[in-house]
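S.K.: Next comes the structure file work-v9.tsv, holding TSV, C-alpha atoms.
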```tsv
chain	number	residue	atom	x	y	z
A	1	MET	CA	-26.67	-1.07	4.68
A	2	ASP	CA	-29.62	-3.41	4.02
A	3	PHE	CA	-29.43	-2.73	0.29
A	4	ILE	CA	-25.92	-4.21	0.24
A	5	GLN	CA	-26.40	-7.96	-0.09
A	6	MET	CA	-23.24	-10.04	0.36
A	7	ASN	CA	-24.75	-13.18	1.93
A	8	GLY	CA	-22.92	-16.27	0.75
A	9	LYS	CA	-20.72	-14.34	-1.70
A	10	HIS	CA	-17.18	-15.69	-1.94
A	11	ILE	CA	-14.72	-12.80	-1.92
A	12	LEU	CA	-10.92	-12.86	-2.09
A	13	VAL	CA	-9.11	-10.01	-0.31
A	14	THR	CA	-5.34	-9.62	-0.68
A	15	GLY	CA	-3.46	-7.32	1.65
A	16	ALA	CA	-5.83	-8.44	4.39
A	17	THR	CA	-3.21	-8.25	7.14
A	18	SER	CA	-3.80	-4.60	7.99
A	19	GLY	CA	-5.43	-1.30	7.14
A	20	ILE	CA	-7.95	-1.16	4.32
A	21	GLY	CA	-7.69	-4.84	3.39
A	22	LYS	CA	-8.26	-5.99	6.97
A	23	SER	CA	-11.16	-3.62	7.47
A	24	THR	CA	-12.77	-4.78	4.21
A	25	ALA	CA	-12.44	-8.45	5.17
A	26	VAL	CA	-13.99	-7.86	8.59
A	27	LEU	CA	-16.90	-5.84	7.21
A	28	LEU	CA	-17.54	-8.40	4.46
A	29	SER	CA	-17.75	-11.13	7.08
A	30	ARG	CA	-20.31	-9.10	9.05
A	31	LEU	CA	-22.38	-8.80	5.89
A	32	GLY	CA	-22.46	-12.58	5.47
A	33	ALA	CA	-19.78	-13.10	2.84
A	34	ARG	CA	-17.34	-16.00	2.83
A	35	VAL	CA	-13.97	-14.33	2.71
A	36	ALA	CA	-10.64	-15.70	1.54
A	37	ILE	CA	-8.02	-13.51	3.18
A	38	ALA	CA	-4.50	-13.37	1.80
A	39	GLY	CA	-1.31	-11.63	2.83
A	40	ARG	CA	2.39	-12.15	3.53
A	41	ARG	CA	2.38	-12.23	7.33
A	42	GLU	CA	0.68	-15.28	8.84
A	43	GLU	CA	0.39	-13.86	12.36
A	44	ARG	CA	-1.36	-10.73	11.09
A	45	LEU	CA	-3.68	-12.85	8.93
A	46	LYS	CA	-4.67	-14.80	12.04
A	47	GLU	CA	-5.50	-11.50	13.77
A	48	THR	CA	-7.73	-10.54	10.84
A	49	LEU	CA	-9.41	-13.94	10.88
A	50	SER	CA	-10.10	-13.70	14.59
A	51	ALA	CA	-11.77	-10.32	14.09
A	52	MET	CA	-14.10	-11.71	11.43
A	53	GLU	CA	-17.60	-13.03	12.00
A	54	GLY	CA	-19.46	-15.95	10.46
A	55	GLU	CA	-18.13	-19.14	8.93
A	56	GLY	CA	-16.61	-20.54	5.77
A	57	HIS	CA	-13.63	-18.18	5.63
A	58	SER	CA	-10.15	-19.24	4.56
A	59	MET	CA	-6.65	-17.89	5.10
A	60	HIS	CA	-3.79	-17.90	2.58
A	61	VAL	CA	-0.19	-16.80	3.15
A	62	LEU	CA	0.58	-15.18	-0.18
A	63	ASP	CA	3.13	-12.72	-1.53
A	64	VAL	CA	1.53	-11.11	-4.57
A	65	SER	CA	4.88	-9.92	-5.87
A	66	LEU	CA	5.75	-13.55	-6.65
A	67	LEU	CA	3.83	-13.33	-9.91
A	68	ASP	CA	4.63	-16.80	-11.20
A	69	GLU	CA	3.00	-18.39	-8.16
A	70	LEU	CA	-0.33	-16.57	-8.35
A	71	GLU	CA	-2.13	-18.70	-10.92
A	72	GLY	CA	-1.36	-21.92	-9.08
A	73	ARG	CA	-2.46	-20.46	-5.76
A	74	VAL	CA	-5.75	-19.17	-7.20
A	75	LYS	CA	-6.43	-22.55	-8.81
A	76	GLU	CA	-5.92	-24.22	-5.42
A	77	MET	CA	-8.28	-21.76	-3.72
A	78	VAL	CA	-11.00	-22.34	-6.30
A	79	ALA	CA	-10.59	-26.12	-6.12
A	80	GLN	CA	-10.82	-26.13	-2.34
A	81	TYR	CA	-13.27	-23.31	-1.58
A	82	GLY	CA	-15.16	-22.64	-4.81
A	83	LYS	CA	-15.41	-19.95	-7.45
A	84	PHE	CA	-15.18	-16.30	-6.56
A	85	ASP	CA	-17.86	-13.61	-6.68
A	86	GLY	CA	-15.46	-10.79	-6.00
A	87	TYR	CA	-11.85	-9.77	-5.60
A	88	VAL	CA	-10.32	-6.90	-3.64
A	89	HIS	CA	-6.75	-6.05	-4.57
A	90	SER	CA	-5.55	-4.28	-1.46
A	91	ALA	CA	-2.04	-5.72	-1.47
A	92	GLY	CA	0.68	-3.22	-2.16
A	93	THR	CA	3.60	-1.31	-0.85
A	94	VAL	CA	3.92	2.36	0.09
A	95	ASN	CA	7.34	3.69	-0.77
A	96	ASN	CA	8.60	7.14	0.02
A	97	LEU	CA	11.74	7.37	-2.03
A	98	PRO	CA	13.39	10.54	-3.27
A	99	LEU	CA	14.41	10.21	-6.91
A	100	LYS	CA	18.09	9.81	-6.13
A	101	ASN	CA	17.39	6.66	-4.11
A	102	TYR	CA	15.89	4.76	-7.03
A	103	THR	CA	17.60	1.97	-8.87
A	104	PRO	CA	16.04	0.09	-11.78
A	105	ALA	CA	15.61	-2.91	-9.50
A	106	ARG	CA	13.82	-0.87	-6.84
A	107	LEU	CA	11.48	0.66	-9.42
A	108	ASP	CA	10.72	-2.81	-10.82
A	109	GLN	CA	9.95	-4.08	-7.33
A	110	ILE	CA	7.43	-1.31	-6.64
A	111	MET	CA	5.72	-1.73	-10.02
A	112	ARG	CA	5.62	-5.51	-9.61
A	113	THR	CA	4.15	-5.37	-6.11
A	114	ASN	CA	1.56	-2.65	-6.80
A	115	PHE	CA	0.69	-2.99	-10.48
A	116	SER	CA	1.83	-6.24	-12.07
A	117	SER	CA	0.29	-8.23	-9.21
A	118	TYR	CA	-3.08	-6.52	-9.82
A	119	PHE	CA	-2.88	-7.29	-13.54
A	120	GLU	CA	-1.91	-10.92	-12.96
A	121	MET	CA	-4.59	-11.49	-10.33
A	122	VAL	CA	-7.26	-10.12	-12.68
A	123	ARG	CA	-5.92	-12.36	-15.46
A	124	VAL	CA	-5.97	-15.56	-13.45
A	125	LEU	CA	-9.29	-14.87	-11.70
A	126	SER	CA	-11.12	-14.07	-14.93
A	127	LYS	CA	-10.44	-17.46	-16.50
A	128	LYS	CA	-13.42	-19.72	-17.08
A	129	GLY	CA	-14.33	-21.82	-14.09
A	130	ARG	CA	-12.82	-19.49	-11.51
A	131	PHE	CA	-15.60	-16.93	-11.11
A	132	ASN	CA	-19.34	-16.81	-10.72
A	133	GLU	CA	-21.55	-14.71	-12.95
A	134	GLY	CA	-21.44	-11.06	-12.01
A	135	MET	CA	-18.00	-11.08	-10.40
A	136	SER	CA	-16.84	-7.66	-9.29
A	137	ILE	CA	-13.17	-6.69	-8.94
A	138	VAL	CA	-12.11	-3.68	-6.88
A	139	GLY	CA	-8.56	-2.39	-6.91
A	140	VAL	CA	-7.23	-0.16	-4.17
A	141	SER	CA	-5.51	2.58	-6.10
A	142	SER	CA	-4.73	6.02	-4.67
A	143	ILE	CA	-5.21	9.71	-5.33
A	144	SER	CA	-1.43	9.63	-5.76
A	145	ALA	CA	-2.22	8.58	-9.33
A	146	TYR	CA	-3.32	12.19	-9.86
A	147	VAL	CA	-1.80	14.26	-7.07
A	148	GLY	CA	1.91	14.93	-7.23
A	149	ALA	CA	3.89	14.46	-4.03
A	150	SER	CA	7.62	14.44	-3.44
A	151	ALA	CA	9.12	10.98	-2.92
A	152	GLN	CA	6.01	9.28	-4.35
A	153	ALA	CA	6.97	9.04	-8.03
A	154	ALA	CA	6.99	5.25	-8.40
A	155	TYR	CA	4.06	4.77	-6.04
A	156	GLY	CA	1.96	7.28	-8.00
A	157	ALA	CA	3.01	5.71	-11.30
A	158	SER	CA	2.08	2.23	-10.07
A	159	LYS	CA	-1.38	3.43	-9.03
A	160	ALA	CA	-1.90	5.32	-12.30
A	161	ALA	CA	-0.98	2.11	-14.12
A	162	MET	CA	-3.64	0.24	-12.13
A	163	ASN	CA	-6.23	2.81	-13.22
A	164	GLY	CA	-5.27	2.65	-16.89
A	165	ALA	CA	-5.39	-1.13	-16.92
A	166	MET	CA	-8.68	-1.20	-15.02
A	167	ARG	CA	-10.47	1.03	-17.55
A	168	CYS	CA	-9.36	-1.14	-20.48
A	169	LEU	CA	-10.06	-4.41	-18.69
A	170	ALA	CA	-13.53	-3.21	-17.67
A	171	ARG	CA	-14.42	-3.12	-21.36
A	172	GLU	CA	-12.58	-6.32	-22.21
A	173	LEU	CA	-14.13	-8.37	-19.40
A	174	ALA	CA	-17.65	-6.96	-19.68
A	175	GLU	CA	-18.51	-9.74	-22.11
A	176	LYS	CA	-17.80	-12.22	-19.33
A	177	GLY	CA	-20.07	-10.24	-17.00
A	178	ILE	CA	-17.16	-9.09	-14.86
A	179	ARG	CA	-17.07	-5.54	-13.53
A	180	LEU	CA	-13.89	-3.70	-12.53
A	181	ASN	CA	-13.56	-0.50	-10.54
A	182	ASN	CA	-10.89	1.14	-8.42
A	183	VAL	CA	-11.16	3.15	-5.23
A	184	LEU	CA	-8.72	6.03	-4.83
A	185	PRO	CA	-8.20	6.72	-1.14
A	186	ALA	CA	-6.45	9.79	0.15
A	187	GLY	CA	-4.27	9.25	3.19
A	188	THR	CA	-6.04	6.79	5.48
A	189	ASN	CA	-5.55	6.56	9.22
A	190	THR	CA	-3.51	3.39	9.34
A	191	GLU	CA	-0.38	2.55	11.29
A	192	MET	CA	1.65	2.78	8.10
A	193	TYR	CA	0.24	6.19	7.14
A	194	GLN	CA	0.77	7.69	10.59
A	195	GLU	CA	4.41	6.69	10.39
A	196	TYR	CA	4.60	8.26	6.93
A	197	LEU	CA	3.15	11.51	8.23
A	198	ALA	CA	5.52	11.49	11.16
A	199	LEU	CA	8.48	11.04	8.85
A	200	ARG	CA	7.37	13.94	6.75
A	201	GLY	CA	6.95	16.14	9.79
A	202	GLU	CA	3.25	16.50	9.28
A	203	MET	CA	2.12	15.30	12.70
A	204	LYS	CA	0.73	17.81	15.13
A	205	GLY	CA	3.42	18.47	17.69
A	206	GLY	CA	4.97	15.05	17.22
A	207	ASP	CA	2.76	13.63	19.95
A	208	GLY	CA	1.38	10.82	17.83
A	209	THR	CA	-1.95	12.51	17.19
A	210	PRO	CA	-2.81	12.45	13.51
A	211	ALA	CA	-3.64	15.79	11.99
A	212	LYS	CA	-7.35	16.13	11.17
A	213	SER	CA	-6.44	16.97	7.62
A	214	ALA	CA	-3.19	16.03	5.98
A	215	GLY	CA	-3.87	18.50	3.20
A	216	ARG	CA	-6.93	19.34	1.16
A	217	ASN	CA	-9.16	16.55	2.49
A	218	TYR	CA	-11.49	18.98	4.23
A	219	LEU	CA	-13.74	16.25	5.63
A	220	GLY	CA	-10.73	14.98	7.56
A	221	MET	CA	-8.63	11.88	7.26
A	222	ASN	CA	-10.19	8.60	6.12
A	223	GLU	CA	-10.59	5.76	8.54
A	224	PRO	CA	-10.01	2.31	6.94
A	225	GLU	CA	-13.75	1.61	7.34
A	226	ASP	CA	-14.57	4.56	5.06
A	227	VAL	CA	-12.64	2.95	2.23
A	228	ALA	CA	-14.01	-0.51	3.05
A	229	ASN	CA	-17.58	0.82	2.75
A	230	ALA	CA	-16.87	2.10	-0.76
A	231	ILE	CA	-15.19	-1.16	-1.76
A	232	ILE	CA	-18.12	-3.23	-0.57
A	233	PHE	CA	-20.60	-1.06	-2.43
A	234	LEU	CA	-18.60	-1.67	-5.62
A	235	LEU	CA	-18.46	-5.41	-4.91
A	236	SER	CA	-22.18	-5.64	-4.35
A	237	PRO	CA	-25.01	-5.98	-6.87
A	238	ALA	CA	-26.13	-2.50	-5.76
A	239	SER	CA	-23.45	-1.16	-8.12
A	240	ARG	CA	-24.25	-3.50	-11.01
A	241	GLN	CA	-24.37	-0.64	-13.53
A	242	ILE	CA	-21.00	0.76	-12.46
A	243	THR	CA	-17.81	-0.40	-14.15
A	244	GLY	CA	-14.58	1.23	-15.29
A	245	VAL	CA	-14.84	3.85	-12.56
A	246	GLU	CA	-12.20	5.45	-10.35
A	247	LEU	CA	-13.95	6.38	-7.10
A	248	PRO	CA	-12.06	8.80	-4.86
A	249	VAL	CA	-12.53	8.19	-1.13
A	250	ASP	CA	-10.68	11.27	-0.09
A	251	GLY	CA	-12.65	13.56	2.21
A	252	GLY	CA	-13.02	16.00	-0.67
A	253	TYR	CA	-9.36	16.20	-1.66
A	254	MET	CA	-9.88	15.81	-5.40
A	255	SER	CA	-12.60	18.46	-5.48
A	256	CYS	CA	-10.17	21.25	-4.66
B	1	MET	CA	34.02	0.93	7.42
B	2	THR	CA	35.94	3.88	8.86
B	3	GLU	CA	34.33	6.92	10.40
B	4	ARG	CA	35.50	8.98	7.42
B	5	GLU	CA	33.81	6.54	5.00
B	6	LYS	CA	30.56	6.78	6.97
B	7	LEU	CA	30.71	10.57	6.87
B	8	ALA	CA	31.35	10.36	3.13
B	9	LEU	CA	28.13	8.36	2.69
B	10	LEU	CA	26.19	11.10	4.46
B	11	GLU	CA	27.96	13.83	2.46
B	12	ASP	CA	27.06	12.06	-0.75
B	13	MET	CA	23.44	11.64	0.37
B	14	LEU	CA	23.17	15.33	1.26
B	15	GLU	CA	25.10	16.40	-1.88
B	16	LEU	CA	27.74	18.14	0.22
B	17	ASP	CA	31.45	18.45	-0.50
B	18	GLU	CA	33.91	15.94	0.90
B	19	GLY	CA	34.98	17.01	4.37
B	20	ASP	CA	31.95	19.21	5.05
B	21	LEU	CA	30.72	16.97	7.87
B	22	THR	CA	32.25	15.92	11.16
B	23	VAL	CA	30.65	13.86	13.92
B	24	ASP	CA	30.12	17.11	15.82
B	25	THR	CA	28.17	18.85	13.05
B	26	VAL	CA	24.71	19.81	14.35
B	27	LEU	CA	22.01	18.54	12.02
B	28	ASP	CA	19.86	21.65	12.42
B	29	ASP	CA	22.77	23.66	11.00
B	30	ILE	CA	22.73	21.70	7.71
B	31	ASP	CA	20.37	23.36	5.21
B	32	GLU	CA	20.26	20.19	3.10
B	33	TYR	CA	19.02	18.04	6.01
B	34	ASP	CA	15.31	18.42	5.22
B	35	SER	CA	12.35	16.02	5.13
B	36	MET	CA	13.46	14.57	1.78
B	37	ALA	CA	16.94	13.99	3.14
B	38	LYS	CA	15.43	12.14	6.08
B	39	LEU	CA	13.61	9.81	3.67
B	40	SER	CA	16.92	9.24	1.87
B	41	LEU	CA	18.57	8.55	5.22
B	42	ILE	CA	16.03	5.80	5.93
B	43	VAL	CA	16.90	4.12	2.64
B	44	LEU	CA	20.65	4.55	3.17
B	45	MET	CA	20.57	3.05	6.65
B	46	GLU	CA	18.44	0.11	5.57
B	47	ASP	CA	20.44	-0.63	2.41
B	48	GLU	CA	23.92	-0.18	3.82
B	49	PHE	CA	23.56	-1.10	7.49
B	50	ASP	CA	20.30	-3.08	7.75
B	51	VAL	CA	19.03	-0.52	10.27
B	52	LYS	CA	15.36	0.47	10.15
B	53	LEU	CA	14.86	4.06	11.30
B	54	THR	CA	11.57	5.26	12.70
B	55	ALA	CA	10.31	8.83	12.89
B	56	ASP	CA	10.95	8.84	16.65
B	57	VAL	CA	14.57	7.79	16.22
B	58	ILE	CA	15.15	10.41	13.53
B	59	ARG	CA	13.60	13.10	15.71
B	60	GLY	CA	16.11	12.18	18.40
B	61	PHE	CA	19.16	12.85	16.20
B	62	GLU	CA	21.00	16.04	17.13
B	63	THR	CA	24.42	15.65	15.54
B	64	VAL	CA	25.91	13.76	12.62
B	65	GLY	CA	27.61	11.61	15.23
B	66	ASP	CA	24.23	10.35	16.42
B	67	ILE	CA	23.65	8.89	12.96
B	68	VAL	CA	27.19	7.56	12.60
B	69	ALA	CA	26.77	5.74	15.92
B	70	LEU	CA	24.08	3.57	14.32
B	71	MET	CA	26.27	2.74	11.32
B	72	GLU	CA	27.78	-0.56	12.36
B	73	LYS	CA	29.69	-2.30	9.61
```
Render the structure in this file as C-alpha cells.

M.R.:
Amino acid sequence: MDFIQMNGKHILVTGATSGIGKSTAVLLSRLGARVAIAGRREERLKETLSAMEGEGHSMHVLDVSLLDELEGRVKEMVAQYGKFDGYVHSAGTVNNLPLKNYTPARLDQIMRTNFSSYFEMVRVLSKKGRFNEGMSIVGVSSISAYVGASAQAAYGASKAAMNGAMRCLARELAEKGIRLNNVLPAGTNTEMYQEYLALRGEMKGGDGTPAKSAGRNYLGMNEPEDVANAIIFLLSPASRQITGVELPVDGGYMSC
Amino acid sequence: MTEREKLALLEDMLELDEGDLTVDTVLDDIDEYDSMAKLSLIVLMEDEFDVKLTADVIRGFETVGDIVALMEK
C-alpha cells in the first residue's frame, strides 16, 4: 500500500474499542498516522492502544450519544493534540429489535447513537481551526441502508440517514476542502456479528464457526481489516477526487 | 411477580391467548417461538429482569419453565 500515504496525519477514530474501528486505528498506526482513539470502554481502548504501532497517539473515553458533550471534547483534543486530517465515525450500536419491541425512546436512542452523533461530529470537526486542509471524513454506514432485514428497521434507517446527510454535506463542505464518504459493510466477522448470527440461527451447526457467506456476499464474510482498508483509502490523498460516495464493502452482496 | 404474571408476559410477547402457556410447555411445540420471538425475548428479559441472554443460553431452553426460572423479580 505504498501509494497510501498517512505519515504524520492526525486521525480521530470513534468506536475504536472493537471491530472495524479498532482495526482501522491499528492499521492507521502502522501507516504512520497519529491516531486519536475514542470509545466508551476504557479497558477496551487500552487494548486497542497496545495493539497500535508508532508514537503520538491519544486515547479518549467518549460516549458519542452524549451529543452536548461532543463539541467541548473535540475542542480539548484539538487544543492538546492539534488539528485533524481525518475522522472515522465507527461508533454506533447494532440493534436487532422486532417492531413490537420499539418505543419512541428506544428509536430515539438508536438514531442518536448512530446518526445524530455522526452529524454532530461532522459539524464540530468542520469548524475553522479544527481541521487541516484536505480533511477527509469517513462514516461507517451499512448495506442495511439498502437491504431490508427483519428486526433491523431502526438500524437501517439510521444508516440511510447517515448516507443522506453525507451526500449533502459533501457538497456543503467542499468549499472548505473537506471530503466526506461512507463505507457500507455487509456483515463483518466481529464478535458482535457472530453473536447476531447465532441469535438468528444462521451459524453452521451452532459450533461457533461463522458461515462463509451469511447471504449473498459470494466472496465470503468481511474481516474487519477489509473494511479498514477501504476506510484508509478514502482517508488518504489517493482518493482526493472522491467525495459524496457510498462504497459497499460487502463481498459482492449489493451486486446481486 | 407471580408465576402466572411471568407466563402472561411471555404470552403477550408471543401474541398467544391468556392461559396458553404453562411452565411445562415445550418451546419447540410453540409455532410462534421463532427467531424473531427470540430477539423479542432478549429485549423482554433485559428490560423487565435485567438479564442478558446469549445465543447459547437461548439454545439451551427446552420448556417455558426454563425461561421462567431466569425471571427473578

S.K.: Tell me the residues of chain A close to chain B, meaning within 8 Å using all atoms listed in the file, as a list in words.

M.R.: Asn96, Leu97, Pro98, Asn101, Ser150, Ala151, Glu195, Ala198, Leu199, Arg200 and Gly201 of chain A

S.K.: Take the selection from the previous step and output its residues with C-alpha atoms, as a PDB file, in the coordinates of the input.

M.R.:
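New file selection.pdb:
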```pdb
ATOM      1  CA  ASN A  96       8.600   7.140   0.020  1.00  0.00           C
ATOM      2  CA  LEU A  97      11.740   7.370  -2.030  1.00  0.00           C
ATOM      3  CA  PRO A  98      13.390  10.540  -3.270  1.00  0.00           C
ATOM      4  CA  ASN A 101      17.390   6.660  -4.110  1.00  0.00           C
ATOM      5  CA  SER A 150       7.620  14.440  -3.440  1.00  0.00           C
ATOM      6  CA  ALA A 151       9.120  10.980  -2.920  1.00  0.00           C
ATOM      7  CA  GLU A 195       4.410   6.690  10.390  1.00  0.00           C
ATOM      8  CA  ALA A 198       5.520  11.490  11.160  1.00  0.00           C
ATOM      9  CA  LEU A 199       8.480  11.040   8.850  1.00  0.00           C
ATOM     10  CA  ARG A 200       7.370  13.940   6.750  1.00  0.00           C
ATOM     11  CA  GLY A 201       6.950  16.140   9.790  1.00  0.00           C
TER      12      GLY A 201
END
```

S.K.: Please identify all polymer residues within 10 Å of Thr22 in chain B, counting only C-alpha atoms, omitting same-chain residues fewer than 3 positions from it, and present them as a compact mmCIF listing (two decimals) with C-alpha atoms, in the coordinates of the input.

M.R.:
```
# COMPACT_ATOMS: atom_id res chain seq x y z
CA GLU B 3 34.33 6.92 10.40
CA ARG B 4 35.50 8.98 7.42
CA LEU B 7 30.71 10.57 6.87
CA ALA B 8 31.35 10.36 3.13
CA GLU B 11 27.96 13.83 2.46
CA GLY B 19 34.98 17.01 4.37
CA THR B 25 28.17 18.85 13.05
CA VAL B 26 24.71 19.81 14.35
CA THR B 63 24.42 15.65 15.54
CA VAL B 64 25.91 13.76 12.62
CA GLY B 65 27.61 11.61 15.23
CA VAL B 68 27.19 7.56 12.60
```

S.K.: For range 108-133 of chain A against range 42-63 of chain A, with a cut-off of 12 Å and counting all atoms listed in the file, what is the closest atom pair and its distance in Å to one decimal for every residue that makes the cut, ordered by chain and number, as CSV?

M.R.:
```
residue,atom,partner,partner_atom,distance
A:Arg112,CA,A:Asp63,CA,11.1
A:Thr113,CA,A:Asp63,CA,8.7
A:Asn114,CA,A:Asp63,CA,11.5
A:Ser117,CA,A:Asp63,CA,9.3
A:Met121,CA,A:Asp63,CA,11.8
```

S.K.: Got time to write the residues from that selection, C-alpha atoms, as a compact mmCIF listing (two decimals), in the frame of the given file?

M.R.:
```txt
# COMPACT_ATOMS: atom_id res chain seq x y z
CA ARG A 112 5.62 -5.51 -9.61
CA THR A 113 4.15 -5.37 -6.11
CA ASN A 114 1.56 -2.65 -6.80
CA SER A 117 0.29 -8.23 -9.21
CA MET A 121 -4.59 -11.49 -10.33
```

S.K.: Using only C-alpha atoms, which residues sit within 12 Å of Ser136 in chain A once same-chain residues fewer than 6 positions away are excluded, as a PyMOL selection string?

M.R.: chain A and resi 6+9-12+84-89+122+125-126+166+170+173-174+176-182+231-244

S.K.: Grab the CA of Gln5 in chain A to CA of Pro248 in chain A distance for me, in Å with one decimal place.

M.R.: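 Pair CA of Gln5 in chain A / CA of Pro248 in chain A returns 22.6 Å.
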
S.K.: Counting all atoms listed in the file, which of B:Asp50, B:Glu18, B:Val23, B:Asp28 gets nearest to Asp66 in chain B?

M.R.: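 Ranking B:Asp50, B:Glu18, B:Val23, B:Asp28 by distance to Asp66 in chain B, first place goes to B:Val23.
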
S.K.: Find, counting only C-alpha atoms, the residue in B:Met1, B:Ile30, B:Leu21, B:Leu14 that gets nearest to Met71 in chain B.

M.R.: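 Closest to Met71 in chain B of all the choices is B:Met1.
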
S.K.: As a compact mmCIF listing (two decimals), in the frame of the given file, please: range 84-96 of chain A completed to N, CA and C atoms.

M.R.:
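rebuild_12.txt written:
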```txt
# COMPACT_ATOMS: atom_id res chain seq x y z
N PHE A 84 -15.08 -17.60 -7.24
CA PHE A 84 -15.18 -16.30 -6.56
C PHE A 84 -16.28 -15.41 -7.16
N ASP A 85 -16.88 -14.63 -6.27
CA ASP A 85 -17.86 -13.61 -6.68
C ASP A 85 -17.24 -12.22 -6.68
N GLY A 86 -16.08 -12.11 -6.06
CA GLY A 86 -15.46 -10.79 -6.00
C GLY A 86 -14.01 -10.88 -5.59
N TYR A 87 -13.27 -9.86 -5.97
CA TYR A 87 -11.85 -9.77 -5.60
C TYR A 87 -11.51 -8.34 -5.21
N VAL A 88 -10.81 -8.20 -4.10
CA VAL A 88 -10.32 -6.90 -3.64
C VAL A 88 -8.80 -6.92 -3.64
N HIS A 89 -8.21 -6.10 -4.49
CA HIS A 89 -6.75 -6.05 -4.57
C HIS A 89 -6.27 -4.91 -3.67
N SER A 90 -6.01 -5.29 -2.42
CA SER A 90 -5.55 -4.28 -1.46
C SER A 90 -4.08 -4.47 -1.13
N ALA A 91 -3.47 -5.49 -1.70
CA ALA A 91 -2.04 -5.72 -1.47
C ALA A 91 -1.24 -4.62 -2.15
N GLY A 92 -0.17 -4.24 -1.54
CA GLY A 92 0.68 -3.22 -2.16
C GLY A 92 1.68 -2.69 -1.18
N THR A 93 2.58 -1.89 -1.70
CA THR A 93 3.60 -1.31 -0.85
C THR A 93 3.58 0.21 -1.00
N VAL A 94 3.81 0.89 0.12
CA VAL A 94 3.92 2.36 0.09
C VAL A 94 5.39 2.71 0.21
N ASN A 95 5.93 3.33 -0.81
CA ASN A 95 7.34 3.69 -0.77
C ASN A 95 7.49 5.20 -0.83
N ASN A 96 8.31 5.70 0.02
CA ASN A 96 8.60 7.14 0.02
C ASN A 96 10.07 7.32 -0.32
```
